[in-house]
Amino acid sequence: MFRKFYPAEMADSSYSIDYEGLYAQGYRGIIYDIDNTLVEHGADANEQVVELFRRLCGIGFRICLLSNNKAPRVRRFYRGVKIKGVKLHYIFDAHKPATKNYRKAMILMRTTKKTTLFVGDQLFTDVYGANRAGIRSFLVKPINKKEEIQIVFKRRLERVVLHFYKRERMERLKQTNIVLIGFMGSGKSSVGKCFAERYGFAFVDTDALIEERTGRSVSELFAEKGEAYFRDLETEVLQELVRKAKRQVIATGGGMPVRMKNQKLLRKLGMVVYLSVTPETVLARLEGDTTRPLLQKASRESEIRHLLTERKFVYQMTAHKVIAVDGKTVSAIAEEIHDSI
């Protein structure tokens with residue numbers, strides 16, 4: 001009954017969504033509600049919106065504003081945020097959740113259902129309309145809690161729907177494997193162990209599995225057999241996990257997603273979460289570590305920056321979720337993964 005109102009994703013705000021990761025997954029157009037999604041109700045465009053749209057333009061996105069407000073309000077906002085070079089459109093008096101203007105927005109942006117996202121703060125207009133139009137929907141928290149009385153009433157009904165949405169999400173969690181990918185030093189093992197202990201999962205580390213089966217450390221395997229041999233072992237372990245793993249948190253080697261065959265297997269195995277980390281954090285965490293085969297070069301810093309740049313797109317493309325880990329505790333990251341499922 002309520003599923004037609006469920007968002008595909010939830011986010012704290014329009015400004016916390018991983019747009020780079022979504023672009024890597026093939027999305028090219030974003031439809032935004034305005035009030036309480038980008039700014040407070042009735043407010044003009046501000047510098048935060050301008051910077052977001054500049055960022056989106058730099059990534060390669062086209063944007064369309066889709067509002068149930070009348071022309072003067074929408075045009076005023078549009079004029080305040082119109083930036084040279086930004087592919088920006090607007091539609092006022094949209095009559096959401098009717099689907100007509102969602103389709104019009106895609107025509108303006110020259111995108112399709114599969115390459116378009118919708119971001120809004122209301123279930124019964126924004127999300128419901130996007131779902132009806134076949135567009136992936138993001139529900140964000142309203143910027144201002146003080147709203148008109150008719151919206152306050154809708155929020156009460158939304159809480160009922162979201163209760164069932166979260167309950168179903170928890171049921172899905174019981175049947176799901178959580179697969180952690182990311183660069184060395186991103187915390188996959190420590191976060192995985194924390195998540196497993198807190199939420200009743202088993203924990204598996206693919207590097208540890210390989211070491212256990214071969215009787216050799218990862219660095220020894222690289223030195224004695226070469227990287228190609230080790231990558232073959234990773235694929236074998238991954239294939240076995242796809243067949244057998246259930247309700248496990250699986251920390252993977254940093255290079256596992258580089259092989260295209262592994263990307264498909266990882267997504268088949270479970271929900272793939274990319275723990276995104278900056279080179280500076282990696283350098284700090286791996287200072288003095290001599291066990292990483294790919295870092296046994298004269299300039300560790302340049303090698304880390306090179307490998308991270310090389311792999312970032314692959315990580316983003318493979319993942320269902322991207323979580324930035326810099327400055328966060330292991331416990332907070334585990335909780336963020338849980339809340340995103």
# chains A, B, ... in the order shown; residues from 1 in each chain; ligands from 1
>>> residues_around(residues="region 47-60 of chain A", least_positions_apart="6", cutoff="12 Å", atoms="only C-alpha atoms", output="VMD selection string")
chain A and resid 13 to 24 26 to 32 34 37 to 40 77 to 89 109
>>> select_by_dssp(residues="region 99-261 of chain A", states="alpha helix (DSSP H)", output="PyMOL selection string")
chain A and resi 100-109+128-133+149-174+188-199+206-214+218-225+227-244+260-261
>>> closest_residue(among="A:Leu221, A:Ala332, A:Ala202, A:Val282", to="Val249 (chain A)", atoms="only C-alpha atoms")
A:Ala202
>>> residues_around(residues="Val272 (chain A)", least_positions_apart="4", cutoff="9 Å", atoms="only C-alpha atoms", output="ChimeraX atom specification")
/A:177-181,266-267,318-322
>>> write_last_selection(atoms="C-alpha atoms", output="tab-separated table (two decimals), in the first residue's frame")
chain	number	residue	atom	x	y	z
A	177	ASN	CA	25.62	-8.99	2.59
A	178	ILE	CA	27.52	-5.74	3.09
A	179	VAL	CA	30.56	-5.51	0.81
A	180	LEU	CA	33.17	-2.88	1.66
A	181	ILE	CA	35.46	-1.63	-1.10
A	266	LEU	CA	30.82	-7.68	-6.04
A	267	ARG	CA	27.45	-6.16	-6.90
A	318	THR	CA	31.04	-0.37	-8.64
A	319	ALA	CA	29.47	0.90	-5.41
A	320	HIS	CA	25.81	1.19	-4.51
A	321	LYS	CA	26.74	3.68	-1.77
A	322	VAL	CA	29.68	6.01	-1.24
>>> closest_residue(among="A:Ala105, A:Gly134, A:Gln248, A:Pro97", to="Gln122 (chain A)", atoms="only C-alpha atoms")
A:Pro97
>>> closest_residue(among="A:Ser302, A:Ile143, A:Arg103, A:Phe92", to="Ala71 (chain A)", atoms="only C-alpha atoms")
A:Phe92
>>> select_by_dssp(residues="region 53-98 of chain A", states="strand (DSSP E or B)", output="list in words")
Arg62, Ile63, Cys64, Leu65, Leu66, Leu88, His89, Tyr90 and Ile91 of chain A
>>> write_last_selection(atoms="N, CA, C and O atoms", output="PDB file, in the first residue's frame")
ATOM      1  N   ARG A  62      23.059  18.089 -16.131  1.00  0.00           N
ATOM      2  CA  ARG A  62      22.070  19.104 -16.484  1.00  0.00           C
ATOM      3  C   ARG A  62      21.069  19.168 -15.334  1.00  0.00           C
ATOM      4  O   ARG A  62      20.835  18.184 -14.643  1.00  0.00           O
ATOM      5  N   ILE A  63      20.441  20.344 -15.154  1.00  0.00           N
ATOM      6  CA  ILE A  63      19.587  20.566 -13.994  1.00  0.00           C
ATOM      7  C   ILE A  63      18.259  21.168 -14.438  1.00  0.00           C
ATOM      8  O   ILE A  63      18.221  22.019 -15.327  1.00  0.00           O
ATOM      9  N   CYS A  64      17.179  20.731 -13.777  1.00  0.00           N
ATOM     10  CA  CYS A  64      15.869  21.354 -14.002  1.00  0.00           C
ATOM     11  C   CYS A  64      15.176  21.553 -12.665  1.00  0.00           C
ATOM     12  O   CYS A  64      15.101  20.636 -11.847  1.00  0.00           O
ATOM     13  N   LEU A  65      14.687  22.768 -12.433  1.00  0.00           N
ATOM     14  CA  LEU A  65      13.891  23.078 -11.251  1.00  0.00           C
ATOM     15  C   LEU A  65      12.436  22.752 -11.553  1.00  0.00           C
ATOM     16  O   LEU A  65      11.913  23.176 -12.584  1.00  0.00           O
ATOM     17  N   LEU A  66      11.797  22.006 -10.655  1.00  0.00           N
ATOM     18  CA  LEU A  66      10.411  21.577 -10.867  1.00  0.00           C
ATOM     19  C   LEU A  66       9.616  21.911  -9.612  1.00  0.00           C
ATOM     20  O   LEU A  66       9.755  21.256  -8.580  1.00  0.00           O
ATOM     21  N   LEU A  88      20.733  24.846 -17.078  1.00  0.00           N
ATOM     22  CA  LEU A  88      19.681  24.955 -16.075  1.00  0.00           C
ATOM     23  C   LEU A  88      18.343  25.306 -16.724  1.00  0.00           C
ATOM     24  O   LEU A  88      18.268  26.209 -17.563  1.00  0.00           O
ATOM     25  N   HIS A  89      17.294  24.584 -16.334  1.00  0.00           N
ATOM     26  CA  HIS A  89      15.934  24.822 -16.824  1.00  0.00           C
ATOM     27  C   HIS A  89      14.998  24.942 -15.627  1.00  0.00           C
ATOM     28  O   HIS A  89      15.368  24.595 -14.497  1.00  0.00           O
ATOM     29  N   TYR A  90      13.774  25.424 -15.874  1.00  0.00           N
ATOM     30  CA  TYR A  90      12.809  25.470 -14.772  1.00  0.00           C
ATOM     31  C   TYR A  90      11.391  25.260 -15.312  1.00  0.00           C
ATOM     32  O   TYR A  90      11.084  25.576 -16.460  1.00  0.00           O
ATOM     33  N   ILE A  91      10.549  24.727 -14.432  1.00  0.00           N
ATOM     34  CA  ILE A  91       9.123  24.526 -14.731  1.00  0.00           C
ATOM     35  C   ILE A  91       8.356  24.954 -13.492  1.00  0.00           C
ATOM     36  O   ILE A  91       8.622  24.470 -12.385  1.00  0.00           O
TER      37      ILE A  91
END
>>> closest_residue(among="A:Ala196, A:Ile337, A:Leu283, A:Met317", to="Glu303 (chain A)", atoms="only C-alpha atoms")
A:Leu283
>>> residues_around(residues="region 158-163 of chain A", least_positions_apart="6", cutoff="10 Å", atoms="only C-alpha atoms", output="ChimeraX atom specification")
/A:1-7,122-124,152,169
>>> residues_around(residues="Tyr102 (chain A)", least_positions_apart="6", cutoff="9 Å", atoms="only C-alpha atoms", output="list in words")
Ile31, Leu66, Ala94, Lys96, Phe118, Gly129, Ala130, Ala133 and Ile135 of chain A
>>> write_last_selection(atoms="N, CA, C and O atoms", output="PDB file, in the first residue's frame")
ATOM      1  N   ILE A  31      16.533  16.631 -11.386  1.00  0.00           N
ATOM      2  CA  ILE A  31      15.363  17.480 -11.192  1.00  0.00           C
ATOM      3  C   ILE A  31      15.279  17.821  -9.709  1.00  0.00           C
ATOM      4  O   ILE A  31      15.312  16.932  -8.860  1.00  0.00           O
ATOM      5  N   LEU A  66      11.797  22.006 -10.655  1.00  0.00           N
ATOM      6  CA  LEU A  66      10.411  21.577 -10.867  1.00  0.00           C
ATOM      7  C   LEU A  66       9.616  21.911  -9.612  1.00  0.00           C
ATOM      8  O   LEU A  66       9.755  21.256  -8.580  1.00  0.00           O
ATOM      9  N   ALA A  94       3.872  23.028 -11.513  1.00  0.00           N
ATOM     10  CA  ALA A  94       4.134  21.700 -12.076  1.00  0.00           C
ATOM     11  C   ALA A  94       3.054  20.666 -11.789  1.00  0.00           C
ATOM     12  O   ALA A  94       3.017  19.607 -12.421  1.00  0.00           O
ATOM     13  N   LYS A  96       2.793  18.609  -9.339  1.00  0.00           N
ATOM     14  CA  LYS A  96       3.258  17.340  -8.776  1.00  0.00           C
ATOM     15  C   LYS A  96       2.207  16.823  -7.796  1.00  0.00           C
ATOM     16  O   LYS A  96       1.611  17.629  -7.065  1.00  0.00           O
ATOM     17  N   PHE A 118      15.695  12.538  -9.169  1.00  0.00           N
ATOM     18  CA  PHE A 118      14.850  13.597  -8.608  1.00  0.00           C
ATOM     19  C   PHE A 118      15.204  13.773  -7.140  1.00  0.00           C
ATOM     20  O   PHE A 118      15.357  12.796  -6.404  1.00  0.00           O
ATOM     21  N   GLY A 129       5.525  11.524  -7.255  1.00  0.00           N
ATOM     22  CA  GLY A 129       5.523  11.887  -8.673  1.00  0.00           C
ATOM     23  C   GLY A 129       6.712  11.296  -9.418  1.00  0.00           C
ATOM     24  O   GLY A 129       6.577  10.785 -10.534  1.00  0.00           O
ATOM     25  N   ALA A 130       7.893  11.360  -8.798  1.00  0.00           N
ATOM     26  CA  ALA A 130       9.084  10.785  -9.428  1.00  0.00           C
ATOM     27  C   ALA A 130       8.938   9.281  -9.600  1.00  0.00           C
ATOM     28  O   ALA A 130       9.298   8.726 -10.649  1.00  0.00           O
ATOM     29  N   ALA A 133       6.759   8.501 -12.422  1.00  0.00           N
ATOM     30  CA  ALA A 133       7.409   8.790 -13.704  1.00  0.00           C
ATOM     31  C   ALA A 133       8.557   7.822 -14.001  1.00  0.00           C
ATOM     32  O   ALA A 133       9.157   7.882 -15.072  1.00  0.00           O
ATOM     33  N   ILE A 135      11.446   7.587 -12.223  1.00  0.00           N
ATOM     34  CA  ILE A 135      12.733   8.246 -11.972  1.00  0.00           C
ATOM     35  C   ILE A 135      13.207   7.891 -10.569  1.00  0.00           C
ATOM     36  O   ILE A 135      12.418   7.853  -9.625  1.00  0.00           O
TER      37      ILE A 135
END
>>> residues_around(residues="Leu308 (chain A)", least_positions_apart="4", cutoff="9 Å", atoms="only C-alpha atoms", output="JSON, numbers by chain")
{"A": [183, 277, 278, 279, 303, 304, 312]}
>>> write_last_selection(atoms="N, CA, C and O atoms", output="PDB file, in the first residue's frame")
ATOM      1  N   PHE A 183      40.188   2.093  -1.045  1.00  0.00           N
ATOM      2  CA  PHE A 183      41.638   2.080  -1.104  1.00  0.00           C
ATOM      3  C   PHE A 183      42.227   1.543   0.192  1.00  0.00           C
ATOM      4  O   PHE A 183      41.567   1.542   1.242  1.00  0.00           O
ATOM      5  N   VAL A 277      38.327   7.909   0.782  1.00  0.00           N
ATOM      6  CA  VAL A 277      39.335   8.491   1.664  1.00  0.00           C
ATOM      7  C   VAL A 277      40.278   9.366   0.837  1.00  0.00           C
ATOM      8  O   VAL A 277      40.500   9.119  -0.347  1.00  0.00           O
ATOM      9  N   THR A 278      40.834  10.399   1.465  1.00  0.00           N
ATOM     10  CA  THR A 278      41.763  11.290   0.771  1.00  0.00           C
ATOM     11  C   THR A 278      43.193  10.751   0.868  1.00  0.00           C
ATOM     12  O   THR A 278      43.523   9.989   1.783  1.00  0.00           O
ATOM     13  N   PRO A 279      44.064  11.158  -0.051  1.00  0.00           N
ATOM     14  CA  PRO A 279      45.459  10.711   0.010  1.00  0.00           C
ATOM     15  C   PRO A 279      46.139  11.087   1.331  1.00  0.00           C
ATOM     16  O   PRO A 279      46.949  10.326   1.857  1.00  0.00           O
ATOM     17  N   GLU A 303      52.920   7.420  -5.259  1.00  0.00           N
ATOM     18  CA  GLU A 303      52.274   6.164  -5.642  1.00  0.00           C
ATOM     19  C   GLU A 303      50.852   6.081  -5.101  1.00  0.00           C
ATOM     20  O   GLU A 303      49.935   5.644  -5.787  1.00  0.00           O
ATOM     21  N   ILE A 304      50.672   6.528  -3.856  1.00  0.00           N
ATOM     22  CA  ILE A 304      49.324   6.548  -3.271  1.00  0.00           C
ATOM     23  C   ILE A 304      48.411   7.469  -4.072  1.00  0.00           C
ATOM     24  O   ILE A 304      47.277   7.106  -4.402  1.00  0.00           O
ATOM     25  N   LYS A 312      39.704   5.567  -8.245  1.00  0.00           N
ATOM     26  CA  LYS A 312      38.522   6.249  -7.695  1.00  0.00           C
ATOM     27  C   LYS A 312      37.286   6.039  -8.562  1.00  0.00           C
ATOM     28  O   LYS A 312      36.196   5.735  -8.052  1.00  0.00           O
TER      29      LYS A 312
END
>>> closest_residue(among="A:Asp339, A:Glu168, A:Asp33, A:Asp12", to="Asp126 (chain A)", atoms="only C-alpha atoms")
A:Asp33
>>> residues_around(residues="region 205-210 of chain A", least_positions_apart="5", cutoff="12 Å", atoms="only C-alpha atoms", output="mmCIF file with N, CA, C and O atoms, in the first residue's frame")
data_model
loop_
_atom_site.group_PDB
_atom_site.id
_atom_site.type_symbol
_atom_site.label_atom_id
_atom_site.label_comp_id
_atom_site.auth_asym_id
_atom_site.auth_seq_id
_atom_site.Cartn_x
_atom_site.Cartn_y
_atom_site.Cartn_z
ATOM 1 N N ILE A 178 26.948 -7.072 3.240
ATOM 2 C CA ILE A 178 27.524 -5.737 3.095
ATOM 3 C C ILE A 178 28.953 -5.907 2.596
ATOM 4 O O ILE A 178 29.764 -6.579 3.251
ATOM 5 N N VAL A 179 29.246 -5.340 1.434
ATOM 6 C CA VAL A 179 30.561 -5.507 0.814
ATOM 7 C C VAL A 179 31.287 -4.165 0.843
ATOM 8 O O VAL A 179 30.815 -3.186 0.252
ATOM 9 N N LEU A 180 32.412 -4.119 1.519
ATOM 10 C CA LEU A 180 33.169 -2.880 1.663
ATOM 11 C C LEU A 180 34.324 -2.854 0.672
ATOM 12 O O LEU A 180 35.158 -3.772 0.652
ATOM 13 N N ILE A 181 34.362 -1.817 -0.154
ATOM 14 C CA ILE A 181 35.460 -1.630 -1.096
ATOM 15 C C ILE A 181 36.105 -0.276 -0.820
ATOM 16 O O ILE A 181 35.515 0.582 -0.168
ATOM 17 N N MET A 184 43.459 1.064 0.146
ATOM 18 C CA MET A 184 44.151 0.620 1.353
ATOM 19 C C MET A 184 44.187 1.763 2.361
ATOM 20 O O MET A 184 44.357 2.929 2.021
ATOM 21 N N GLY A 187 39.959 1.815 6.019
ATOM 22 C CA GLY A 187 39.291 1.307 7.223
ATOM 23 C C GLY A 187 38.297 0.201 6.976
ATOM 24 O O GLY A 187 37.409 -0.026 7.810
ATOM 25 N N LYS A 188 38.409 -0.501 5.869
ATOM 26 C CA LYS A 188 37.422 -1.530 5.529
ATOM 27 C C LYS A 188 37.325 -2.616 6.614
ATOM 28 O O LYS A 188 36.225 -3.002 7.006
ATOM 29 N N SER A 189 38.461 -3.091 7.090
ATOM 30 C CA SER A 189 38.444 -4.168 8.086
ATOM 31 C C SER A 189 37.924 -3.685 9.434
ATOM 32 O O SER A 189 37.068 -4.343 10.049
ATOM 33 N N SER A 190 38.401 -2.544 9.899
ATOM 34 C CA SER A 190 37.957 -2.052 11.208
ATOM 35 C C SER A 190 36.487 -1.670 11.193
ATOM 36 O O SER A 190 35.731 -1.975 12.130
ATOM 37 N N VAL A 191 36.040 -1.029 10.123
ATOM 38 C CA VAL A 191 34.623 -0.672 10.005
ATOM 39 C C VAL A 191 33.775 -1.934 9.868
ATOM 40 O O VAL A 191 32.715 -2.058 10.481
ATOM 41 N N GLY A 192 34.251 -2.893 9.063
ATOM 42 C CA GLY A 192 33.513 -4.143 8.875
ATOM 43 C C GLY A 192 33.326 -4.906 10.162
ATOM 44 O O GLY A 192 32.239 -5.409 10.458
ATOM 45 N N LYS A 193 34.393 -4.988 10.970
ATOM 46 C CA LYS A 193 34.289 -5.697 12.254
ATOM 47 C C LYS A 193 33.316 -4.993 13.191
ATOM 48 O O LYS A 193 32.521 -5.639 13.883
ATOM 49 N N ALA A 196 29.732 -5.609 11.921
ATOM 50 C CA ALA A 196 29.330 -6.993 12.149
ATOM 51 C C ALA A 196 28.970 -7.239 13.612
ATOM 52 O O ALA A 196 27.954 -7.862 13.925
ATOM 53 N N GLY A 215 48.568 -20.222 2.882
ATOM 54 C CA GLY A 215 49.663 -20.280 3.831
ATOM 55 C C GLY A 215 50.721 -19.230 3.575
ATOM 56 O O GLY A 215 51.863 -19.341 4.053
ATOM 57 N N ARG A 216 50.398 -18.219 2.796
ATOM 58 C CA ARG A 216 51.315 -17.138 2.458
ATOM 59 C C ARG A 216 50.635 -15.795 2.747
ATOM 60 O O ARG A 216 49.425 -15.653 2.594
ATOM 61 N N SER A 217 51.427 -14.813 3.123
ATOM 62 C CA SER A 217 50.885 -13.471 3.290
ATOM 63 C C SER A 217 50.669 -12.848 1.908
ATOM 64 O O SER A 217 51.206 -13.333 0.905
ATOM 65 N N VAL A 218 49.876 -11.788 1.873
ATOM 66 C CA VAL A 218 49.627 -11.106 0.601
ATOM 67 C C VAL A 218 50.937 -10.613 -0.006
ATOM 68 O O VAL A 218 51.178 -10.766 -1.210
ATOM 69 N N SER A 219 51.803 -10.030 0.811
ATOM 70 C CA SER A 219 53.078 -9.525 0.294
ATOM 71 C C SER A 219 53.937 -10.663 -0.249
ATOM 72 O O SER A 219 54.612 -10.502 -1.276
ATOM 73 N N GLU A 220 53.899 -11.836 0.391
ATOM 74 C CA GLU A 220 54.657 -12.991 -0.104
ATOM 75 C C GLU A 220 54.098 -13.501 -1.426
ATOM 76 O O GLU A 220 54.853 -13.862 -2.333
ATOM 77 N N LEU A 221 52.779 -13.522 -1.546
ATOM 78 C CA LEU A 221 52.152 -13.963 -2.797
ATOM 79 C C LEU A 221 52.517 -13.040 -3.949
ATOM 80 O O LEU A 221 52.793 -13.496 -5.064
ATOM 81 N N TYR A 229 48.564 -13.507 -10.427
ATOM 82 C CA TYR A 229 48.212 -14.725 -9.682
ATOM 83 C C TYR A 229 47.332 -14.365 -8.484
ATOM 84 O O TYR A 229 46.318 -15.031 -8.219
ATOM 85 N N PHE A 230 47.709 -13.310 -7.758
ATOM 86 C CA PHE A 230 46.924 -12.898 -6.593
ATOM 87 C C PHE A 230 45.521 -12.461 -7.011
ATOM 88 O O PHE A 230 44.540 -12.786 -6.336
ATOM 89 N N ARG A 231 45.399 -11.732 -8.122
ATOM 90 C CA ARG A 231 44.080 -11.274 -8.584
ATOM 91 C C ARG A 231 43.192 -12.465 -8.964
ATOM 92 O O ARG A 231 41.977 -12.434 -8.764
ATOM 93 N N ASP A 232 43.804 -13.528 -9.502
ATOM 94 C CA ASP A 232 43.037 -14.740 -9.798
ATOM 95 C C ASP A 232 42.490 -15.371 -8.518
ATOM 96 O O ASP A 232 41.343 -15.842 -8.481
ATOM 97 N N LEU A 233 43.305 -15.379 -7.474
ATOM 98 C CA LEU A 233 42.846 -15.906 -6.185
ATOM 99 C C LEU A 233 41.690 -15.071 -5.639
ATOM 100 O O LEU A 233 40.726 -15.608 -5.077
ATOM 101 N N GLU A 234 41.779 -13.746 -5.793
ATOM 102 C CA GLU A 234 40.688 -12.869 -5.340
ATOM 103 C C GLU A 234 39.382 -13.226 -6.041
ATOM 104 O O GLU A 234 38.316 -13.303 -5.413
ATOM 105 N N THR A 235 39.448 -13.434 -7.348
ATOM 106 C CA THR A 235 38.240 -13.772 -8.110
ATOM 107 C C THR A 235 37.665 -15.100 -7.652
ATOM 108 O O THR A 235 36.440 -15.247 -7.514
ATOM 109 N N GLU A 236 38.511 -16.084 -7.385
ATOM 110 C CA GLU A 236 38.041 -17.390 -6.910
ATOM 111 C C GLU A 236 37.319 -17.258 -5.569
ATOM 112 O O GLU A 236 36.245 -17.843 -5.368
ATOM 113 N N VAL A 237 37.906 -16.491 -4.658
ATOM 114 C CA VAL A 237 37.275 -16.271 -3.348
ATOM 115 C C VAL A 237 35.941 -15.551 -3.509
ATOM 116 O O VAL A 237 34.944 -15.892 -2.864
ATOM 117 N N LEU A 238 35.911 -14.578 -4.377
ATOM 118 C CA LEU A 238 34.696 -13.802 -4.601
ATOM 119 C C LEU A 238 33.591 -14.684 -5.181
ATOM 120 O O LEU A 238 32.423 -14.597 -4.763
ATOM 121 N N GLN A 239 33.921 -15.533 -6.118
ATOM 122 C CA GLN A 239 32.936 -16.451 -6.699
ATOM 123 C C GLN A 239 32.355 -17.380 -5.649
ATOM 124 O O GLN A 239 31.143 -17.655 -5.638
ATOM 125 N N GLU A 240 33.195 -17.852 -4.742
ATOM 126 C CA GLU A 240 32.723 -18.730 -3.670
ATOM 127 C C GLU A 240 31.796 -17.986 -2.707
ATOM 128 O O GLU A 240 30.771 -18.516 -2.272
ATOM 129 N N LEU A 241 32.148 -16.743 -2.390
ATOM 130 C CA LEU A 241 31.296 -15.949 -1.499
ATOM 131 C C LEU A 241 29.936 -15.680 -2.122
ATOM 132 O O LEU A 241 28.913 -15.690 -1.433
ATOM 133 N N GLN A 248 26.713 -11.432 5.828
ATOM 134 C CA GLN A 248 28.112 -11.223 6.160
ATOM 135 C C GLN A 248 28.542 -9.806 5.779
ATOM 136 O O GLN A 248 28.007 -9.219 4.844
ATOM 137 N N VAL A 249 29.506 -9.299 6.528
ATOM 138 C CA VAL A 249 30.191 -8.066 6.149
ATOM 139 C C VAL A 249 31.530 -8.486 5.568
ATOM 140 O O VAL A 249 32.314 -9.172 6.231
ATOM 141 N N ILE A 250 31.782 -8.088 4.327
ATOM 142 C CA ILE A 250 32.948 -8.582 3.603
ATOM 143 C C ILE A 250 33.862 -7.413 3.260
ATOM 144 O O ILE A 250 33.495 -6.527 2.478
ATOM 145 N N ALA A 251 35.048 -7.392 3.884
ATOM 146 C CA ALA A 251 36.061 -6.383 3.576
ATOM 147 C C ALA A 251 36.932 -6.931 2.452
ATOM 148 O O ALA A 251 37.450 -8.043 2.545
ATOM 149 N N THR A 252 37.097 -6.173 1.393
ATOM 150 C CA THR A 252 37.814 -6.640 0.210
ATOM 151 C C THR A 252 39.169 -5.961 0.078
ATOM 152 O O THR A 252 39.418 -4.903 0.657
ATOM 153 N N GLY A 253 40.046 -6.572 -0.723
ATOM 154 C CA GLY A 253 41.322 -5.952 -1.027
ATOM 155 C C GLY A 253 41.128 -4.702 -1.859
ATOM 156 O O GLY A 253 40.183 -4.605 -2.645
ATOM 157 N N GLY A 254 42.032 -3.748 -1.706
ATOM 158 C CA GLY A 254 41.891 -2.462 -2.396
ATOM 159 C C GLY A 254 41.854 -2.568 -3.906
ATOM 160 O O GLY A 254 41.216 -1.758 -4.581
ATOM 161 N N GLY A 255 42.502 -3.585 -4.484
ATOM 162 C CA GLY A 255 42.539 -3.711 -5.936
ATOM 163 C C GLY A 255 41.498 -4.634 -6.516
ATOM 164 O O GLY A 255 41.400 -4.772 -7.744
ATOM 165 N N MET A 256 40.672 -5.250 -5.669
ATOM 166 C CA MET A 256 39.707 -6.233 -6.172
ATOM 167 C C MET A 256 38.753 -5.668 -7.227
ATOM 168 O O MET A 256 38.490 -6.312 -8.243
ATOM 169 N N LEU A 266 30.986 -8.448 -7.264
ATOM 170 C CA LEU A 266 30.823 -7.677 -6.036
ATOM 171 C C LEU A 266 29.383 -7.188 -5.884
ATOM 172 O O LEU A 266 28.789 -7.286 -4.803
ATOM 173 N N ARG A 292 52.398 -3.491 2.520
ATOM 174 C CA ARG A 292 51.587 -3.269 1.316
ATOM 175 C C ARG A 292 52.451 -3.447 0.068
ATOM 176 O O ARG A 292 53.328 -2.615 -0.215
#
>>> closest_residue(among="A:Gly182, A:Gly200, A:Gly120, A:Gly226", to="His338 (chain A)", atoms="only C-alpha atoms")
A:Gly200
